[in-house]
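Each remark here refers to the structure printed beneath this line.
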Amino acid sequence: MKDFQFHRPSSVAEAVALLKARPDAKLLSGGQSLIPVLKLDLAEPSDLISLAGIGELRDIRVDGDRIVIGALVTHDAVHRSPEVQQHIPALATLAGTIGDAQVRNRGTLGGSVAHADPAADYPAALLALGATIATDRRKIAADDFFTGLFETALERDEVVVAVHFPIPKRAAYAKFSHRASKYALVGVMVVDTGHNVRVAVTGAGPKVFRHANIEGILERDFAVDALAAASTPPDELNGDLEASAEYRAHLITVMARRAVQACL
Amino acid sequence: MAITLRVNRQAHTVDCAPNTLLVDVLREKLRLTGTHVGCDTSQCGACTVHVDGRSVKSCTMLAVEAADAEITTIEGLASSADGSSGRSGLADGGNLHPMQAAFQECHGLQCGFCTPGMVMSATDLCRRNPKPTEHEVRHWLEGNLCRCTGYHNIVKAVLAGAEAMGGKAK
Ligand SMILES: Cc1cc2nc3c(=O)[nH]c(=O)nc-3n(C[C@H](O)[C@H](O)[C@H](O)COP(=O)(O)OP(=O)(O)OC[C@H]3O[C@@H](n4cnc5c(N)ncnc54)[C@H](O)[C@@H]3O)c2cc1C
Ligand code: FES
Ligand code: FES
């Protein structure tokens, strides 16, 4: 790991000012993605700016028809939160499937969302629930946020502050995990908002995406058997040692069926 | 830079660069070599310690991030809150923690490389969930890899350890 300067600001404004002043600086949240990257020398930031001293980023609150979760809230805290368990149980369940206990004790919502790993779990939840990402300067709809492989709409010096999750009528997440890392080979989040159905798929393609074909089927008939007609062209899916593109395409329907079953 | 770490209820001031991992301070500076390093991909859990009571991979945390936190390593477990089993076995002549005693009793180890991480992870589970089911134990230990035992006796040990710890906490 290359050397860097370490900072621990106590406010978001201070963190943004540091990012602006130091073009090669990086934010550090739970470190469960960034530290492995640094250990392999795949990134060499001049400065690390830890968010750990900014207490306001650790809140979970219910605000009318949504739950607002701060960027520093750990996966474990989301998993155990009574508010999340009550209003969006699928999100609490999803958080409990991320990685392993040690990763959940350190890894955070904001870090996962900003990192935008194509096999991460939260991006599927954000996209399917129609969440909004609040930063130090604006609000970004999840539909506009995940722009590519490890790429988001965030500017280089922008800090994710919280994510606003609308409370759905019903929702469920099903994933087929990588054996060792627990990342999704395919993860499918199905949400019935009460007005429409939103389905997001992670792990299968270069980035998380919505599945129009399955959304259309479920809007007509929210039933497991309706998904017999579902299909995903494998052309744009990932194929690797773990699973071919065709297999991932097949798994999308299987995971969607499991998620719909869990909603009923 | 100088940082102060509280490890096993004792404060240590060490001089280290910001890019130093917590595990390297524990092993190289404090000579607490019970915490092991089994991989460089944050997957094996051999390096698990408690930071403010929570199990974390000390190879995936900077030492500076742990300043001001309460750190417990395998060496300090038997003298922590849920204490000693009354069964001797530590190198310093002290008694084992109930979870350590359960691993010994149930043959929860072979080469022993993964064992400190397993024990630290298991005690975090049992403090939060004093009566875990076998399924919960298996799910919880997903972050701890063992190349010898096939996990069966580890799971048995954790269930026995949970019972022993529960018995102590009134
Ligand atoms: C063994 C292992 C297994 C894992 N398995 C899974 C899994 O099954 N599913 C899954 O989804 N994830 C998995 N992860 C990743 C884990 O969930 C990470 O915690 C998460 O991806 C990143 O969150 P973090 O808080 O650790 O962020 P960090 O590692 O600290 O940061 C990640 C990136 O986000 C940036 N960043 C952090 N916070 C902010 C912010 N507030 N605003 C803007 N940018 C920010 C950082 O600069 C960095 O580039 C696994 C990790 C490990 C080590
Ligand atoms: S050495 Fe820390 S997870 Fe393997
Ligand atoms: S006992 Fe050898 S690795 Fe677990």
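Identifiers for the structure tokens are assigned positionally: chains receive A, B, ... in sequence, residues are indexed from 1 per chain, and ligands are indexed from 1 in the order shown.
The interface of chain A with chain B at 9 Å, considering only C-alpha atoms, consists of Met1, Lys2, Asp3, Phe4, Gln5, Phe6, Gly30, Gly31, Gln32, Ser33, Leu34, Ile35, Pro36, Lys39, Leu40, Ser50, Ala52, Gly99, Asp100, Ala101, Gln102, Val103, Arg104, Asn105, Arg106, Ala180, Ser181 and Lys182 of chain A.
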Grab the residues selected above and save them as a tab-separated table (two decimals), in the first residue's frame with N, CA and C atoms.
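Everything below was put into result.tsv:
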```
chain	number	residue	atom	x	y	z
A	1	MET	N	0.84	-1.20	0.00
A	1	MET	CA	0.00	0.00	0.00
A	1	MET	C	0.88	1.25	0.00
A	2	LYS	N	0.60	2.17	-0.93
A	2	LYS	CA	1.38	3.40	-0.99
A	2	LYS	C	0.99	4.31	0.19
A	3	ASP	N	1.90	5.21	0.53
A	3	ASP	CA	1.62	6.08	1.67
A	3	ASP	C	0.64	7.20	1.25
A	4	PHE	N	-0.04	7.73	2.24
A	4	PHE	CA	-0.98	8.83	1.99
A	4	PHE	C	-1.10	9.63	3.27
A	5	GLN	N	-1.72	10.78	3.15
A	5	GLN	CA	-2.03	11.56	4.35
A	5	GLN	C	-3.42	11.19	4.81
A	6	PHE	N	-3.63	11.17	6.11
A	6	PHE	CA	-4.92	10.75	6.66
A	6	PHE	C	-5.62	11.94	7.30
A	30	GLY	N	-16.31	2.61	5.23
A	30	GLY	CA	-16.03	1.37	5.98
A	30	GLY	C	-14.76	0.67	5.54
A	31	GLY	N	-14.24	1.08	4.39
A	31	GLY	CA	-12.97	0.52	3.91
A	31	GLY	C	-13.05	-0.89	3.36
A	32	GLN	N	-14.24	-1.48	3.29
A	32	GLN	CA	-14.32	-2.90	2.92
A	32	GLN	C	-14.20	-3.11	1.41
A	33	SER	N	-14.27	-2.05	0.65
A	33	SER	CA	-13.90	-2.13	-0.77
A	33	SER	C	-12.60	-1.40	-1.01
A	34	LEU	N	-12.45	-0.23	-0.38
A	34	LEU	CA	-11.28	0.60	-0.68
A	34	LEU	C	-9.98	-0.01	-0.15
A	35	ILE	N	-9.97	-0.53	1.06
A	35	ILE	CA	-8.70	-1.04	1.61
A	35	ILE	C	-8.19	-2.25	0.81
A	36	PRO	N	-9.06	-3.21	0.44
A	36	PRO	CA	-8.55	-4.27	-0.45
A	36	PRO	C	-7.97	-3.70	-1.75
A	39	LYS	N	-4.57	-2.27	-0.89
A	39	LYS	CA	-3.60	-3.32	-0.59
A	39	LYS	C	-3.01	-3.90	-1.87
A	40	LEU	N	-3.82	-3.91	-2.93
A	40	LEU	CA	-3.33	-4.44	-4.20
A	40	LEU	C	-2.70	-3.35	-5.08
A	50	SER	N	-11.30	10.22	6.02
A	50	SER	CA	-12.23	9.33	6.71
A	50	SER	C	-13.49	10.08	7.09
A	52	ALA	N	-15.56	8.84	9.28
A	52	ALA	CA	-16.01	8.24	10.54
A	52	ALA	C	-16.32	9.26	11.64
A	99	GLY	N	-21.84	-9.96	1.98
A	99	GLY	CA	-20.54	-10.44	2.46
A	99	GLY	C	-20.68	-11.36	3.66
A	100	ASP	N	-20.00	-11.01	4.73
A	100	ASP	CA	-20.03	-11.81	5.95
A	100	ASP	C	-20.14	-10.87	7.15
A	101	ALA	N	-20.19	-11.44	8.34
A	101	ALA	CA	-20.45	-10.64	9.54
A	101	ALA	C	-19.43	-9.51	9.70
A	102	GLN	N	-18.16	-9.83	9.48
A	102	GLN	CA	-17.13	-8.81	9.68
A	102	GLN	C	-17.28	-7.67	8.66
A	103	VAL	N	-17.58	-8.03	7.42
A	103	VAL	CA	-17.80	-7.00	6.38
A	103	VAL	C	-19.02	-6.15	6.74
A	104	ARG	N	-20.07	-6.79	7.23
A	104	ARG	CA	-21.29	-6.03	7.59
A	104	ARG	C	-21.05	-5.12	8.80
A	105	ASN	N	-20.12	-5.49	9.66
A	105	ASN	CA	-19.82	-4.65	10.82
A	105	ASN	C	-19.10	-3.36	10.44
A	106	ARG	N	-18.42	-3.35	9.29
A	106	ARG	CA	-17.65	-2.18	8.87
A	106	ARG	C	-18.23	-1.48	7.65
A	180	ALA	N	-17.64	-17.86	-2.39
A	180	ALA	CA	-16.66	-17.36	-1.43
A	180	ALA	C	-16.95	-15.94	-0.99
A	181	SER	N	-17.23	-15.05	-1.93
A	181	SER	CA	-17.31	-13.64	-1.55
A	181	SER	C	-18.72	-13.24	-1.12
A	182	LYS	N	-19.73	-14.01	-1.57
A	182	LYS	CA	-21.14	-13.70	-1.31
A	182	LYS	C	-21.69	-12.58	-2.18
```
| said: For region 162-178 of chain A, find every residue with an atom within 6 Å (counting only C-alpha atoms), except residues of its own chain fewer than 3 positions away, and show them as a list in words. | reply: Asp65, Arg66, Ile67, Val68, Ile69, Gly70, Ala71, Ala90, Ala131, Thr132, Ile133, Ala134, Ser181, Lys182, Tyr183, Ala184, Leu185, Val186, Gly187, Val188, Met189, Val190, Val191, Asp192, Thr193, Gly194, Met255, Ala259 and Cys263 of chain A
For the residues selected in the previous step, produce a file with N, CA and C atoms as a JSON list (two decimals), in the first residue's frame.
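Result file is selection-v2.json:
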```json
[["chain", "number", "residue", "atom", "x", "y", "z"],
["A", 65, "ASP", "N", -43.47, 9.03, 4.08],
["A", 65, "ASP", "CA", -43.58, 7.79, 3.31],
["A", 65, "ASP", "C", -42.23, 7.25, 2.88],
["A", 66, "ARG", "N", -41.16, 7.68, 3.57],
["A", 66, "ARG", "CA", -39.85, 7.16, 3.21],
["A", 66, "ARG", "C", -38.97, 6.90, 4.43],
["A", 67, "ILE", "N", -37.95, 6.08, 4.22],
["A", 67, "ILE", "CA", -36.94, 5.90, 5.26],
["A", 67, "ILE", "C", -35.66, 6.54, 4.75],
["A", 68, "VAL", "N", -35.04, 7.33, 5.61],
["A", 68, "VAL", "CA", -33.80, 8.01, 5.23],
["A", 68, "VAL", "C", -32.66, 7.36, 6.02],
["A", 69, "ILE", "N", -31.68, 6.82, 5.30],
["A", 69, "ILE", "CA", -30.57, 6.13, 5.95],
["A", 69, "ILE", "C", -29.27, 6.86, 5.61],
["A", 70, "GLY", "N", -28.52, 7.22, 6.64],
["A", 70, "GLY", "CA", -27.28, 7.98, 6.47],
["A", 70, "GLY", "C", -26.20, 7.14, 5.80],
["A", 71, "ALA", "N", -25.28, 7.84, 5.14],
["A", 71, "ALA", "CA", -24.23, 7.17, 4.36],
["A", 71, "ALA", "C", -23.35, 6.26, 5.21],
["A", 90, "ALA", "N", -37.58, -6.17, 3.19],
["A", 90, "ALA", "CA", -36.70, -6.72, 2.14],
["A", 90, "ALA", "C", -35.32, -6.07, 2.19],
["A", 131, "ALA", "N", -35.18, 4.80, -5.12],
["A", 131, "ALA", "CA", -34.58, 5.64, -4.07],
["A", 131, "ALA", "C", -33.95, 6.90, -4.65],
["A", 132, "THR", "N", -33.66, 7.83, -3.75],
["A", 132, "THR", "CA", -32.99, 9.07, -4.14],
["A", 132, "THR", "C", -31.71, 9.18, -3.33],
["A", 133, "ILE", "N", -30.61, 9.51, -3.99],
["A", 133, "ILE", "CA", -29.33, 9.65, -3.30],
["A", 133, "ILE", "C", -29.12, 11.13, -2.99],
["A", 134, "ALA", "N", -29.00, 11.44, -1.70],
["A", 134, "ALA", "CA", -28.77, 12.83, -1.31],
["A", 134, "ALA", "C", -27.28, 13.04, -1.11],
["A", 181, "SER", "N", -17.23, -15.05, -1.93],
["A", 181, "SER", "CA", -17.31, -13.64, -1.55],
["A", 181, "SER", "C", -18.72, -13.24, -1.12],
["A", 182, "LYS", "N", -19.73, -14.01, -1.57],
["A", 182, "LYS", "CA", -21.14, -13.70, -1.31],
["A", 182, "LYS", "C", -21.69, -12.58, -2.18],
["A", 183, "TYR", "N", -20.85, -11.97, -3.02],
["A", 183, "TYR", "CA", -21.38, -11.03, -4.01],
["A", 183, "TYR", "C", -22.41, -11.75, -4.87],
["A", 184, "ALA", "N", -23.28, -10.98, -5.52],
["A", 184, "ALA", "CA", -24.33, -11.59, -6.32],
["A", 184, "ALA", "C", -23.79, -12.07, -7.67],
["A", 185, "LEU", "N", -23.99, -13.37, -7.97],
["A", 185, "LEU", "CA", -23.82, -13.80, -9.37],
["A", 185, "LEU", "C", -25.01, -13.24, -10.13],
["A", 186, "VAL", "N", -26.17, -13.34, -9.47],
["A", 186, "VAL", "CA", -27.37, -12.66, -9.93],
["A", 186, "VAL", "C", -28.21, -12.31, -8.70],
["A", 187, "GLY", "N", -28.62, -11.06, -8.60],
["A", 187, "GLY", "CA", -29.53, -10.66, -7.52],
["A", 187, "GLY", "C", -30.69, -9.91, -8.15],
["A", 188, "VAL", "N", -31.91, -10.23, -7.73],
["A", 188, "VAL", "CA", -33.07, -9.56, -8.31],
["A", 188, "VAL", "C", -33.93, -8.98, -7.19],
["A", 189, "MET", "N", -34.21, -7.70, -7.30],
["A", 189, "MET", "CA", -35.09, -7.03, -6.35],
["A", 189, "MET", "C", -36.40, -6.73, -7.07],
["A", 190, "VAL", "N", -37.50, -7.20, -6.49],
["A", 190, "VAL", "CA", -38.82, -6.97, -7.06],
["A", 190, "VAL", "C", -39.60, -6.07, -6.11],
["A", 191, "VAL", "N", -40.14, -4.98, -6.63],
["A", 191, "VAL", "CA", -40.87, -4.02, -5.79],
["A", 191, "VAL", "C", -42.23, -3.72, -6.41],
["A", 192, "ASP", "N", -43.25, -3.84, -5.59],
["A", 192, "ASP", "CA", -44.58, -3.37, -5.98],
["A", 192, "ASP", "C", -44.79, -2.08, -5.20],
["A", 193, "THR", "N", -44.72, -0.95, -5.90],
["A", 193, "THR", "CA", -44.77, 0.34, -5.19],
["A", 193, "THR", "C", -46.19, 0.68, -4.76],
["A", 194, "GLY", "N", -47.18, -0.05, -5.32],
["A", 194, "GLY", "CA", -48.57, 0.32, -5.11],
["A", 194, "GLY", "C", -49.11, 0.96, -6.38],
["A", 255, "MET", "N", -34.45, -16.14, -9.93],
["A", 255, "MET", "CA", -34.41, -15.23, -8.77],
["A", 255, "MET", "C", -35.67, -14.36, -8.73],
["A", 259, "ALA", "N", -38.27, -14.04, -5.68],
["A", 259, "ALA", "CA", -38.60, -12.75, -5.06],
["A", 259, "ALA", "C", -40.12, -12.54, -5.07],
["A", 263, "CYS", "N", -42.85, -12.13, -1.91],
["A", 263, "CYS", "CA", -43.73, -10.96, -1.75],
["A", 263, "CYS", "C", -45.15, -11.37, -1.40]]
```
| request: Fewer than 6 positions away in the same chain doesn't count, so skip those; otherwise give me all residues within 6 Å of region 219-225 of chain A, counting only C-alpha atoms, as a ChimeraX atom specification. | output: /A:197,257,260
| note | Using only C-alpha atoms and all ligand atoms, the best pick from B:Leu77, B:Val23, B:Ala160, B:Ile71 as closest to ligand 2 would be B:Val23
Quick one: DSSP alpha helix (DSSP H) residues in region 16-166 of chain A, as a short mmCIF file (atom, residue, chain, number, x, y, z; two decimals) with N, CA, C and O atoms, in the first residue's frame?
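The resulting file, part.cif, is reproduced below:
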```
data_model
loop_
_atom_site.label_atom_id
_atom_site.label_comp_id
_atom_site.auth_asym_id
_atom_site.auth_seq_id
_atom_site.Cartn_x
_atom_site.Cartn_y
_atom_site.Cartn_z
N VAL A 16 -15.76 18.00 2.02
CA VAL A 16 -15.83 18.50 0.64
C VAL A 16 -14.68 19.48 0.37
O VAL A 16 -14.03 19.42 -0.68
N ALA A 17 -14.39 20.33 1.35
CA ALA A 17 -13.30 21.30 1.18
C ALA A 17 -11.97 20.57 0.99
O ALA A 17 -11.15 20.94 0.13
N LEU A 18 -11.75 19.50 1.76
CA LEU A 18 -10.52 18.73 1.60
C LEU A 18 -10.44 18.09 0.22
O LEU A 18 -9.39 18.10 -0.43
N LEU A 19 -11.58 17.55 -0.24
CA LEU A 19 -11.60 16.93 -1.58
C LEU A 19 -11.30 17.94 -2.67
O LEU A 19 -10.61 17.65 -3.65
N LYS A 20 -11.82 19.14 -2.49
CA LYS A 20 -11.60 20.19 -3.49
C LYS A 20 -10.13 20.61 -3.52
O LYS A 20 -9.55 20.83 -4.58
N ALA A 21 -9.53 20.67 -2.32
CA ALA A 21 -8.15 21.15 -2.23
C ALA A 21 -7.14 20.11 -2.69
O ALA A 21 -6.02 20.44 -3.05
N LEU A 34 -12.45 -0.23 -0.38
CA LEU A 34 -11.28 0.60 -0.68
C LEU A 34 -9.98 -0.01 -0.15
O LEU A 34 -8.96 0.00 -0.84
N ILE A 35 -9.97 -0.53 1.06
CA ILE A 35 -8.70 -1.04 1.61
C ILE A 35 -8.19 -2.25 0.81
O ILE A 35 -7.00 -2.28 0.47
N PRO A 36 -9.06 -3.21 0.44
CA PRO A 36 -8.55 -4.27 -0.45
C PRO A 36 -7.97 -3.70 -1.75
O PRO A 36 -6.94 -4.20 -2.24
N VAL A 37 -8.57 -2.66 -2.30
CA VAL A 37 -8.05 -2.03 -3.52
C VAL A 37 -6.68 -1.41 -3.26
O VAL A 37 -5.74 -1.55 -4.05
N LEU A 38 -6.53 -0.74 -2.12
CA LEU A 38 -5.25 -0.11 -1.79
C LEU A 38 -4.18 -1.17 -1.54
O LEU A 38 -3.01 -1.00 -1.91
N LYS A 39 -4.57 -2.27 -0.89
CA LYS A 39 -3.60 -3.32 -0.59
C LYS A 39 -3.01 -3.90 -1.87
O LYS A 39 -1.88 -4.36 -1.89
N HIS A 75 -23.93 -2.05 7.14
CA HIS A 75 -24.85 -3.08 6.64
C HIS A 75 -25.51 -3.78 7.84
O HIS A 75 -26.69 -4.10 7.82
N ASP A 76 -24.71 -4.01 8.89
CA ASP A 76 -25.25 -4.68 10.08
C ASP A 76 -26.34 -3.84 10.74
O ASP A 76 -27.36 -4.37 11.19
N ALA A 77 -26.13 -2.53 10.79
CA ALA A 77 -27.12 -1.65 11.44
C ALA A 77 -28.41 -1.59 10.62
O ALA A 77 -29.51 -1.53 11.19
N VAL A 78 -28.30 -1.62 9.29
CA VAL A 78 -29.52 -1.66 8.46
C VAL A 78 -30.25 -2.97 8.70
O VAL A 78 -31.47 -3.00 8.87
N HIS A 79 -29.48 -4.06 8.74
CA HIS A 79 -30.05 -5.39 8.93
C HIS A 79 -30.84 -5.46 10.24
O HIS A 79 -31.90 -6.07 10.32
N ARG A 80 -30.32 -4.82 11.30
CA ARG A 80 -30.95 -4.91 12.62
C ARG A 80 -31.91 -3.77 12.94
O ARG A 80 -32.52 -3.75 14.01
N PRO A 82 -34.95 -1.65 13.64
CA PRO A 82 -36.39 -1.91 13.78
C PRO A 82 -37.21 -1.12 12.74
O PRO A 82 -38.20 -1.64 12.23
N GLU A 83 -36.77 0.11 12.41
CA GLU A 83 -37.52 0.91 11.42
C GLU A 83 -37.48 0.24 10.05
O GLU A 83 -38.48 0.14 9.36
N VAL A 84 -36.28 -0.20 9.66
CA VAL A 84 -36.15 -0.82 8.34
C VAL A 84 -36.89 -2.16 8.33
O VAL A 84 -37.62 -2.47 7.39
N GLN A 85 -36.75 -2.93 9.41
CA GLN A 85 -37.45 -4.22 9.47
C GLN A 85 -38.96 -4.04 9.38
O GLN A 85 -39.65 -4.83 8.77
N GLN A 86 -39.46 -2.97 9.98
CA GLN A 86 -40.91 -2.76 9.96
C GLN A 86 -41.42 -2.28 8.60
O GLN A 86 -42.41 -2.76 8.10
N HIS A 87 -40.70 -1.32 8.01
CA HIS A 87 -41.25 -0.66 6.82
C HIS A 87 -40.75 -1.24 5.50
O HIS A 87 -41.47 -1.24 4.51
N PRO A 89 -38.90 -4.56 5.05
CA PRO A 89 -38.18 -5.74 5.52
C PRO A 89 -37.23 -6.32 4.47
O PRO A 89 -36.17 -6.87 4.82
N ALA A 90 -37.58 -6.17 3.19
CA ALA A 90 -36.70 -6.72 2.14
C ALA A 90 -35.32 -6.07 2.19
O ALA A 90 -34.31 -6.71 1.91
N LEU A 91 -35.27 -4.80 2.56
CA LEU A 91 -33.99 -4.09 2.62
C LEU A 91 -33.16 -4.58 3.82
O LEU A 91 -31.94 -4.76 3.72
N ALA A 92 -33.85 -4.84 4.94
CA ALA A 92 -33.14 -5.38 6.11
C ALA A 92 -32.58 -6.76 5.79
O ALA A 92 -31.44 -7.09 6.13
N THR A 93 -33.38 -7.57 5.09
CA THR A 93 -32.91 -8.90 4.71
C THR A 93 -31.73 -8.81 3.77
O THR A 93 -30.72 -9.50 3.94
N LEU A 94 -31.85 -7.96 2.77
CA LEU A 94 -30.76 -7.79 1.80
C LEU A 94 -29.46 -7.42 2.51
O LEU A 94 -28.40 -8.01 2.25
N ALA A 95 -29.53 -6.48 3.44
CA ALA A 95 -28.31 -6.04 4.13
C ALA A 95 -27.65 -7.20 4.87
O ALA A 95 -26.43 -7.28 4.97
N GLY A 96 -28.49 -8.12 5.38
CA GLY A 96 -27.96 -9.26 6.11
C GLY A 96 -27.32 -10.32 5.22
O GLY A 96 -26.72 -11.27 5.74
N ALA A 101 -20.19 -11.44 8.34
CA ALA A 101 -20.45 -10.64 9.54
C ALA A 101 -19.43 -9.51 9.70
O ALA A 101 -19.79 -8.37 10.02
N GLN A 102 -18.16 -9.83 9.48
CA GLN A 102 -17.13 -8.81 9.68
C GLN A 102 -17.28 -7.67 8.66
O GLN A 102 -17.09 -6.50 8.99
N VAL A 103 -17.58 -8.03 7.42
CA VAL A 103 -17.80 -7.00 6.38
C VAL A 103 -19.02 -6.15 6.74
O VAL A 103 -19.00 -4.93 6.60
N ARG A 104 -20.07 -6.79 7.23
CA ARG A 104 -21.29 -6.03 7.59
C ARG A 104 -21.05 -5.12 8.80
O ARG A 104 -21.72 -4.10 8.95
N ASN A 105 -20.12 -5.49 9.66
CA ASN A 105 -19.82 -4.65 10.82
C ASN A 105 -19.10 -3.36 10.44
O ASN A 105 -19.10 -2.40 11.19
N ARG A 106 -18.42 -3.35 9.29
CA ARG A 106 -17.65 -2.18 8.87
C ARG A 106 -18.23 -1.48 7.65
O ARG A 106 -18.19 -0.26 7.55
N LEU A 109 -23.57 1.84 3.79
CA LEU A 109 -24.48 2.10 2.67
C LEU A 109 -23.85 3.08 1.67
O LEU A 109 -23.83 2.83 0.47
N GLY A 110 -23.33 4.19 2.18
CA GLY A 110 -22.78 5.22 1.29
C GLY A 110 -21.61 4.69 0.48
O GLY A 110 -21.47 4.97 -0.71
N GLY A 111 -20.75 3.90 1.14
CA GLY A 111 -19.58 3.34 0.45
C GLY A 111 -20.00 2.38 -0.64
O GLY A 111 -19.47 2.41 -1.76
N SER A 112 -20.99 1.57 -0.36
CA SER A 112 -21.44 0.59 -1.35
C SER A 112 -22.05 1.29 -2.56
O SER A 112 -21.78 0.93 -3.70
N VAL A 113 -22.85 2.31 -2.28
CA VAL A 113 -23.54 3.02 -3.35
C VAL A 113 -22.53 3.79 -4.22
O VAL A 113 -22.58 3.75 -5.45
N ALA A 114 -21.55 4.44 -3.57
CA ALA A 114 -20.56 5.22 -4.32
C ALA A 114 -19.62 4.32 -5.11
O ALA A 114 -19.17 4.67 -6.19
N HIS A 115 -19.32 3.15 -4.55
CA HIS A 115 -18.39 2.23 -5.21
C HIS A 115 -19.02 1.63 -6.46
O HIS A 115 -18.35 1.39 -7.45
N TYR A 122 -26.84 -3.51 -2.67
CA TYR A 122 -27.65 -2.29 -2.47
C TYR A 122 -28.10 -1.62 -3.77
O TYR A 122 -29.23 -1.12 -3.84
N PRO A 123 -27.23 -1.56 -4.80
CA PRO A 123 -27.70 -0.87 -6.02
C PRO A 123 -29.02 -1.44 -6.54
O PRO A 123 -29.87 -0.69 -7.02
N ALA A 124 -29.23 -2.77 -6.43
CA ALA A 124 -30.50 -3.35 -6.88
C ALA A 124 -31.66 -2.80 -6.06
O ALA A 124 -32.74 -2.49 -6.58
N ALA A 125 -31.44 -2.66 -4.75
CA ALA A 125 -32.51 -2.14 -3.88
C ALA A 125 -32.80 -0.69 -4.21
O ALA A 125 -33.97 -0.27 -4.29
N LEU A 126 -31.75 0.11 -4.41
CA LEU A 126 -31.97 1.53 -4.69
C LEU A 126 -32.77 1.71 -5.98
O LEU A 126 -33.70 2.51 -6.06
N LEU A 127 -32.36 0.94 -7.00
CA LEU A 127 -32.99 1.09 -8.30
C LEU A 127 -34.44 0.60 -8.27
O LEU A 127 -35.34 1.27 -8.78
N ALA A 128 -34.68 -0.56 -7.67
CA ALA A 128 -36.04 -1.12 -7.68
C ALA A 128 -36.98 -0.31 -6.78
O ALA A 128 -38.16 -0.15 -7.10
N LEU A 129 -36.46 0.21 -5.67
CA LEU A 129 -37.32 0.97 -4.77
C LEU A 129 -37.52 2.41 -5.27
O LEU A 129 -38.33 3.15 -4.73
N ALA A 142 -32.08 7.27 -8.28
CA ALA A 142 -31.29 6.05 -8.53
C ALA A 142 -31.26 5.73 -10.02
O ALA A 142 -30.24 5.25 -10.54
N ASP A 143 -32.36 6.02 -10.74
CA ASP A 143 -32.41 5.75 -12.18
C ASP A 143 -31.30 6.50 -12.94
O ASP A 143 -30.89 6.05 -14.00
N ASP A 144 -30.85 7.63 -12.40
CA ASP A 144 -29.81 8.41 -13.08
C ASP A 144 -28.43 8.23 -12.46
O ASP A 144 -27.45 8.85 -12.89
N PHE A 145 -28.36 7.44 -11.37
CA PHE A 145 -27.14 7.44 -10.56
C PHE A 145 -26.09 6.43 -11.04
O PHE A 145 -24.91 6.73 -11.13
#
```
| Close residues to ligand 3 using only C-alpha atoms and all ligand atoms, limit 9 Å, as a list in words | Ala46, Gly108, Leu109, Gln110, Cys111, Gly112, Phe113, Cys114, Thr115, Met118, Asn144, Leu145, Cys146, Arg147, Cys148, Thr149, Gly150, Tyr151 and Ile154 of chain B
| said: Excluding region 234-249 of chain A and its own-chain neighbours fewer than 4 positions away, which residues fall within 7 Å of it when counting only C-alpha atoms? Please give them as a ChimeraX atom specification. | reply: /A:186,204-206
Could you save those same residues with N, CA and C atoms as a compact mmCIF listing (two decimals), in the first residue's frame?
```
# COMPACT_ATOMS: atom_id res chain seq x y z
N VAL A 186 -26.17 -13.34 -9.47
CA VAL A 186 -27.37 -12.66 -9.93
C VAL A 186 -28.21 -12.31 -8.70
N ALA A 204 -25.45 -9.43 -12.92
CA ALA A 204 -25.57 -10.11 -14.20
C ALA A 204 -24.91 -9.34 -15.34
N GLY A 205 -24.91 -8.04 -15.25
CA GLY A 205 -24.39 -7.22 -16.36
C GLY A 205 -23.28 -6.31 -15.90
N PRO A 206 -22.79 -5.45 -16.78
CA PRO A 206 -21.72 -4.51 -16.41
C PRO A 206 -22.16 -3.50 -15.36
```
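With atom 50 (C, counted along the ligand's line) of ligand 1 on one side and CA of Ala120 (chain A) on the other, the separation reads 7.9 Å.
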| Contacts of Ala11 (chain B) at 12 Å (only C-alpha atoms; same-chain gap of 3+ positions) as a VMD selection string | chain B and resid 3 to 8 14 30 67 to 72
| field | Interatomic distance, CA of Gly55 (chain A) to CA of Arg8 (chain A) (Å, one decimal) | value |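 Computed distance, CA of Gly55 (chain A) to CA of Arg8 (chain A), equals 11.8 Å.
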| query | In Å, how far is it from CA of Glu158 (chain A) to atom 45 (C, counted along the ligand's line) of ligand 1? | reply | 8.2 Å
| message | At a cut-off of 6 Å, using only C-alpha atoms, what residues contact Ile49 (chain A)? Leave out same-chain residues fewer than 2 positions from it and give the result as a VMD selection string. | response | chain A and resid 7 to 8 27 to 28
| task | List the neighbours of Ser79 (chain B) out to 12 Å using only C-alpha atoms; skip same-chain residues closer than 2 positions along the sequence, and give me the result as a ChimeraX atom specification. | result | /B:8-10,72-77,81-86,90,94-98
| task | Determine the nearest neighbour of Val160 (chain A) from the options A:Val12, A:Gly216, A:Pro118, A:Ala230, counting only C-alpha atoms. | result |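 Looking at the shortest contact to Val160 (chain A), the residue is A:Val12.
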